[in-house]
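Here the structure is laid out as structure tokens; the discussion comes afterwards.
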Amino acid sequence: MTAPPPADPGDADLRVEEVTARPVHLRWRPLGLVVVGGTLGTGAREALALTFPAAPGTLPVTIAVINVVGSFALGLLLESLLRRGPDRGRRRDLRLFVGTGVLGGFTTYSALAVDTGLLLDGHAGVALAYALGSVVAGALAVAGGIVSGAALARGPGRDRSRARPDRRHDS
């Protein structure tokens, strides 16, 4: 079976493997991208958490900042990739490596849950504020990342007709 020609110059690196019946999540290359990216993201998070630990009974600011920064970066990445074309080739590789791998490993809502549980013992109000504040801040950060990704796609010198294929306006 031969691969059809790419519809977009950004898809020039499409491989025959990508047009076979085997799902992406069962292919070695995409799995490797996620594993390597996840290892790097988790390592970065752990290094920051060890460098800037939270004292017992205090807000775990480092984890909160990691989750907010990671949420913003994920929104920015995914919106930017979406506006550049279909999820294929290099765009898919970048999404899997950076989005699912690095940022998936970097952000940690399991630590948010554990930290909230630890704060509940004697600091219930702080625990509730931390949990709700983290989720709201994460949602606002991802929205900010999406808006920023859209703005970058519309930046000077960009062809606005390709900025978002599903929202083209024909005159």
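Labels for the structure tokens follow display order: chains A, B, ..., residues from 1 in each chain, ligands from 1.
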With the cut-off set at 9 Å and counting only C-alpha atoms, tabulate each residue of range 11-81 of chain A with an atom at most that distance from an atom of range 97-101 of chain A, showing the nearest atom pair and its distance in Å to one decimal, ordered by chain and increasing number, as CSV.
```
residue,atom,partner,partner_atom,distance
A:Pro30,CA,A:Phe97,CA,8.0
A:Gly32,CA,A:Phe97,CA,8.5
A:Leu33,CA,A:Phe97,CA,4.8
A:Val34,CA,A:Gly101,CA,4.3
A:Val35,CA,A:Gly101,CA,6.3
A:Val36,CA,A:Gly101,CA,6.9
A:Gly37,CA,A:Gly101,CA,4.0
A:Gly38,CA,A:Gly101,CA,3.9
A:Thr39,CA,A:Gly101,CA,7.5
A:Leu40,CA,A:Gly101,CA,7.9
A:Gly41,CA,A:Gly101,CA,6.9
A:Thr42,CA,A:Gly101,CA,8.9
A:Ala73,CA,A:Gly99,CA,8.4
A:Leu74,CA,A:Gly99,CA,5.9
A:Leu77,CA,A:Gly99,CA,7.1
A:Leu78,CA,A:Gly99,CA,7.5
```
File of the preceding selection, N, CA and C atoms, as a tab-separated table (two decimals), in the first residue's frame:
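As a result, again.tsv now contains:
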```tsv
chain	number	residue	atom	x	y	z
A	30	PRO	N	4.88	6.56	18.03
A	30	PRO	CA	4.10	7.45	18.90
A	30	PRO	C	4.23	7.10	20.37
A	32	GLY	N	6.79	5.74	21.82
A	32	GLY	CA	8.12	6.20	22.24
A	32	GLY	C	8.15	7.70	22.48
A	33	LEU	N	7.48	8.47	21.61
A	33	LEU	CA	7.44	9.92	21.79
A	33	LEU	C	6.78	10.29	23.12
A	34	VAL	N	5.69	9.61	23.45
A	34	VAL	CA	4.98	9.89	24.70
A	34	VAL	C	5.84	9.48	25.90
A	35	VAL	N	6.47	8.32	25.83
A	35	VAL	CA	7.28	7.83	26.95
A	35	VAL	C	8.47	8.76	27.20
A	36	VAL	N	9.19	9.12	26.15
A	36	VAL	CA	10.36	10.00	26.32
A	36	VAL	C	9.91	11.38	26.81
A	37	GLY	N	8.86	11.93	26.20
A	37	GLY	CA	8.34	13.22	26.65
A	37	GLY	C	7.86	13.18	28.08
A	38	GLY	N	7.14	12.13	28.44
A	38	GLY	CA	6.65	11.99	29.81
A	38	GLY	C	7.77	11.88	30.83
A	39	THR	N	8.83	11.18	30.45
A	39	THR	CA	9.99	11.06	31.33
A	39	THR	C	10.62	12.43	31.57
A	40	LEU	N	10.76	13.20	30.50
A	40	LEU	CA	11.35	14.55	30.64
A	40	LEU	C	10.46	15.47	31.47
A	41	GLY	N	9.16	15.46	31.20
A	41	GLY	CA	8.23	16.31	31.95
A	41	GLY	C	8.16	15.95	33.42
A	42	THR	N	8.11	14.66	33.71
A	42	THR	CA	8.07	14.20	35.10
A	42	THR	C	9.36	14.56	35.82
A	73	ALA	N	0.60	26.19	28.70
A	73	ALA	CA	1.42	25.67	27.60
A	73	ALA	C	0.65	24.67	26.76
A	74	LEU	N	-0.16	23.83	27.40
A	74	LEU	CA	-0.93	22.84	26.66
A	74	LEU	C	-1.99	23.52	25.78
A	77	LEU	N	-0.09	25.15	22.86
A	77	LEU	CA	0.39	24.14	21.91
A	77	LEU	C	-0.74	23.58	21.06
A	78	LEU	N	-1.81	23.13	21.70
A	78	LEU	CA	-2.88	22.47	20.96
A	78	LEU	C	-3.60	23.42	20.01
```
Write out as number ranges by chain which residues come within 12 Å of Leu128 in chain A when counting only C-alpha atoms, dropping same-chain ones fewer than 2 positions away.
A: 59, 112-113, 115-126, 130-135
Pull the alpha helix (DSSP H) assignments for range 20-164 of chain A out of DSSP run on the backbone, and list those residues as a PyMOL selection string.
chain A and resi 28-51+61-84+89-94+104-106+109-120+124-153
Tell me which of A:Val114, A:Leu82, A:Leu96, A:Ala141 sits closest to Ala153 in chain A, counting only C-alpha atoms.
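Using only C-alpha atoms, the shortest distance to Ala153 in chain A belongs to A:Leu82.
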Which neighbours of Asn67 in chain A fall inside 10 Å, counting only C-alpha atoms, when residues of the same chain fewer than 3 positions from it are skipped, and could you give them as a ChimeraX atom specification?
/A:45,61-64,70-73,103-104,106-109,111-112,134-135,137-138,141
Save the residues we just selected, N, CA and C atoms, as a PDB file, in the first residue's frame?
```pdb
ATOM      1  N   ARG A  45       9.303  18.281  36.626  1.00  0.00           N
ATOM      2  CA  ARG A  45       8.406  18.559  37.754  1.00  0.00           C
ATOM      3  C   ARG A  45       9.030  18.130  39.069  1.00  0.00           C
ATOM      4  N   VAL A  61       2.863  25.741  46.688  1.00  0.00           N
ATOM      5  CA  VAL A  61       2.891  26.728  45.606  1.00  0.00           C
ATOM      6  C   VAL A  61       3.575  26.175  44.363  1.00  0.00           C
ATOM      7  N   THR A  62       4.650  25.418  44.541  1.00  0.00           N
ATOM      8  CA  THR A  62       5.383  24.897  43.386  1.00  0.00           C
ATOM      9  C   THR A  62       4.476  24.038  42.511  1.00  0.00           C
ATOM     10  N   ILE A  63       3.726  23.142  43.114  1.00  0.00           N
ATOM     11  CA  ILE A  63       2.829  22.267  42.343  1.00  0.00           C
ATOM     12  C   ILE A  63       1.732  23.092  41.679  1.00  0.00           C
ATOM     13  N   ALA A  64       1.207  24.088  42.377  1.00  0.00           N
ATOM     14  CA  ALA A  64       0.173  24.946  41.797  1.00  0.00           C
ATOM     15  C   ALA A  64       0.713  25.688  40.576  1.00  0.00           C
ATOM     16  N   GLY A  70       1.771  24.555  33.046  1.00  0.00           N
ATOM     17  CA  GLY A  70       1.549  23.433  32.134  1.00  0.00           C
ATOM     18  C   GLY A  70       0.222  23.529  31.409  1.00  0.00           C
ATOM     19  N   SER A  71      -0.811  23.987  32.093  1.00  0.00           N
ATOM     20  CA  SER A  71      -2.124  24.156  31.468  1.00  0.00           C
ATOM     21  C   SER A  71      -2.075  25.221  30.382  1.00  0.00           C
ATOM     22  N   PHE A  72      -1.427  26.336  30.677  1.00  0.00           N
ATOM     23  CA  PHE A  72      -1.276  27.394  29.675  1.00  0.00           C
ATOM     24  C   PHE A  72      -0.522  26.863  28.455  1.00  0.00           C
ATOM     25  N   ALA A  73       0.595  26.194  28.701  1.00  0.00           N
ATOM     26  CA  ALA A  73       1.421  25.675  27.602  1.00  0.00           C
ATOM     27  C   ALA A  73       0.648  24.666  26.760  1.00  0.00           C
ATOM     28  N   LEU A 103       4.190  17.740  28.750  1.00  0.00           N
ATOM     29  CA  LEU A 103       3.250  18.487  29.590  1.00  0.00           C
ATOM     30  C   LEU A 103       2.361  17.567  30.420  1.00  0.00           C
ATOM     31  N   GLY A 104       2.048  16.382  29.900  1.00  0.00           N
ATOM     32  CA  GLY A 104       1.303  15.407  30.693  1.00  0.00           C
ATOM     33  C   GLY A 104       2.097  14.934  31.900  1.00  0.00           C
ATOM     34  N   PHE A 106       4.641  16.740  33.208  1.00  0.00           N
ATOM     35  CA  PHE A 106       4.980  17.932  33.991  1.00  0.00           C
ATOM     36  C   PHE A 106       3.845  18.301  34.938  1.00  0.00           C
ATOM     37  N   THR A 107       2.620  18.351  34.417  1.00  0.00           N
ATOM     38  CA  THR A 107       1.474  18.694  35.265  1.00  0.00           C
ATOM     39  C   THR A 107       1.099  17.494  36.115  1.00  0.00           C
ATOM     40  N   THR A 108       0.472  17.766  37.251  1.00  0.00           N
ATOM     41  CA  THR A 108       0.160  16.668  38.166  1.00  0.00           C
ATOM     42  C   THR A 108      -1.066  16.969  39.000  1.00  0.00           C
ATOM     43  N   TYR A 109      -2.172  16.427  38.588  1.00  0.00           N
ATOM     44  CA  TYR A 109      -3.352  16.591  39.415  1.00  0.00           C
ATOM     45  C   TYR A 109      -3.419  15.522  40.499  1.00  0.00           C
ATOM     46  N   ALA A 111      -0.801  14.973  42.476  1.00  0.00           N
ATOM     47  CA  ALA A 111      -0.154  15.686  43.587  1.00  0.00           C
ATOM     48  C   ALA A 111      -1.113  16.723  44.175  1.00  0.00           C
ATOM     49  N   LEU A 112      -1.928  17.341  43.329  1.00  0.00           N
ATOM     50  CA  LEU A 112      -2.946  18.276  43.816  1.00  0.00           C
ATOM     51  C   LEU A 112      -3.886  17.549  44.778  1.00  0.00           C
ATOM     52  N   SER A 134      -6.846  25.896  42.334  1.00  0.00           N
ATOM     53  CA  SER A 134      -5.981  25.246  41.348  1.00  0.00           C
ATOM     54  C   SER A 134      -6.749  24.861  40.091  1.00  0.00           C
ATOM     55  N   VAL A 135      -7.948  24.331  40.277  1.00  0.00           N
ATOM     56  CA  VAL A 135      -8.753  23.930  39.119  1.00  0.00           C
ATOM     57  C   VAL A 135      -9.187  25.157  38.317  1.00  0.00           C
ATOM     58  N   ALA A 137      -7.743  28.185  38.303  1.00  0.00           N
ATOM     59  CA  ALA A 137      -6.548  28.783  37.696  1.00  0.00           C
ATOM     60  C   ALA A 137      -6.079  27.965  36.496  1.00  0.00           C
ATOM     61  N   GLY A 138      -6.163  26.637  36.592  1.00  0.00           N
ATOM     62  CA  GLY A 138      -5.787  25.783  35.462  1.00  0.00           C
ATOM     63  C   GLY A 138      -6.694  25.999  34.265  1.00  0.00           C
ATOM     64  N   ALA A 141      -5.886  29.327  32.778  1.00  0.00           N
ATOM     65  CA  ALA A 141      -4.589  29.261  32.102  1.00  0.00           C
ATOM     66  C   ALA A 141      -4.710  28.574  30.748  1.00  0.00           C
TER      67      ALA A 141
END
```
Hey, which of A:Ile146, A:Thr58, A:Asp87, A:Leu48 ends up closest to Val24 in chain A? Count only C-alpha atoms.
A:Asp87
What is the distance between CA of Leu76 in chain A and CA of Ser148 in chain A, in Å to one decimal?
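According to the coordinates, CA of Leu76 in chain A and CA of Ser148 in chain A are separated by 6.1 Å.
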What separates CA of His25 in chain A and CA of Val68 in chain A is a distance of 27.2 Å
Using only C-alpha atoms, can you tell me which of A:Pro60, A:Gly105, A:Gly85, A:Gly75 comes closest to Glu46 in chain A?
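Nearest candidate to Glu46 in chain A out of A:Pro60, A:Gly105, A:Gly85, A:Gly75: A:Gly105.
CA of Asp93 in chain A is positioned 26.3 Å from CA of Pro156 in chain A.
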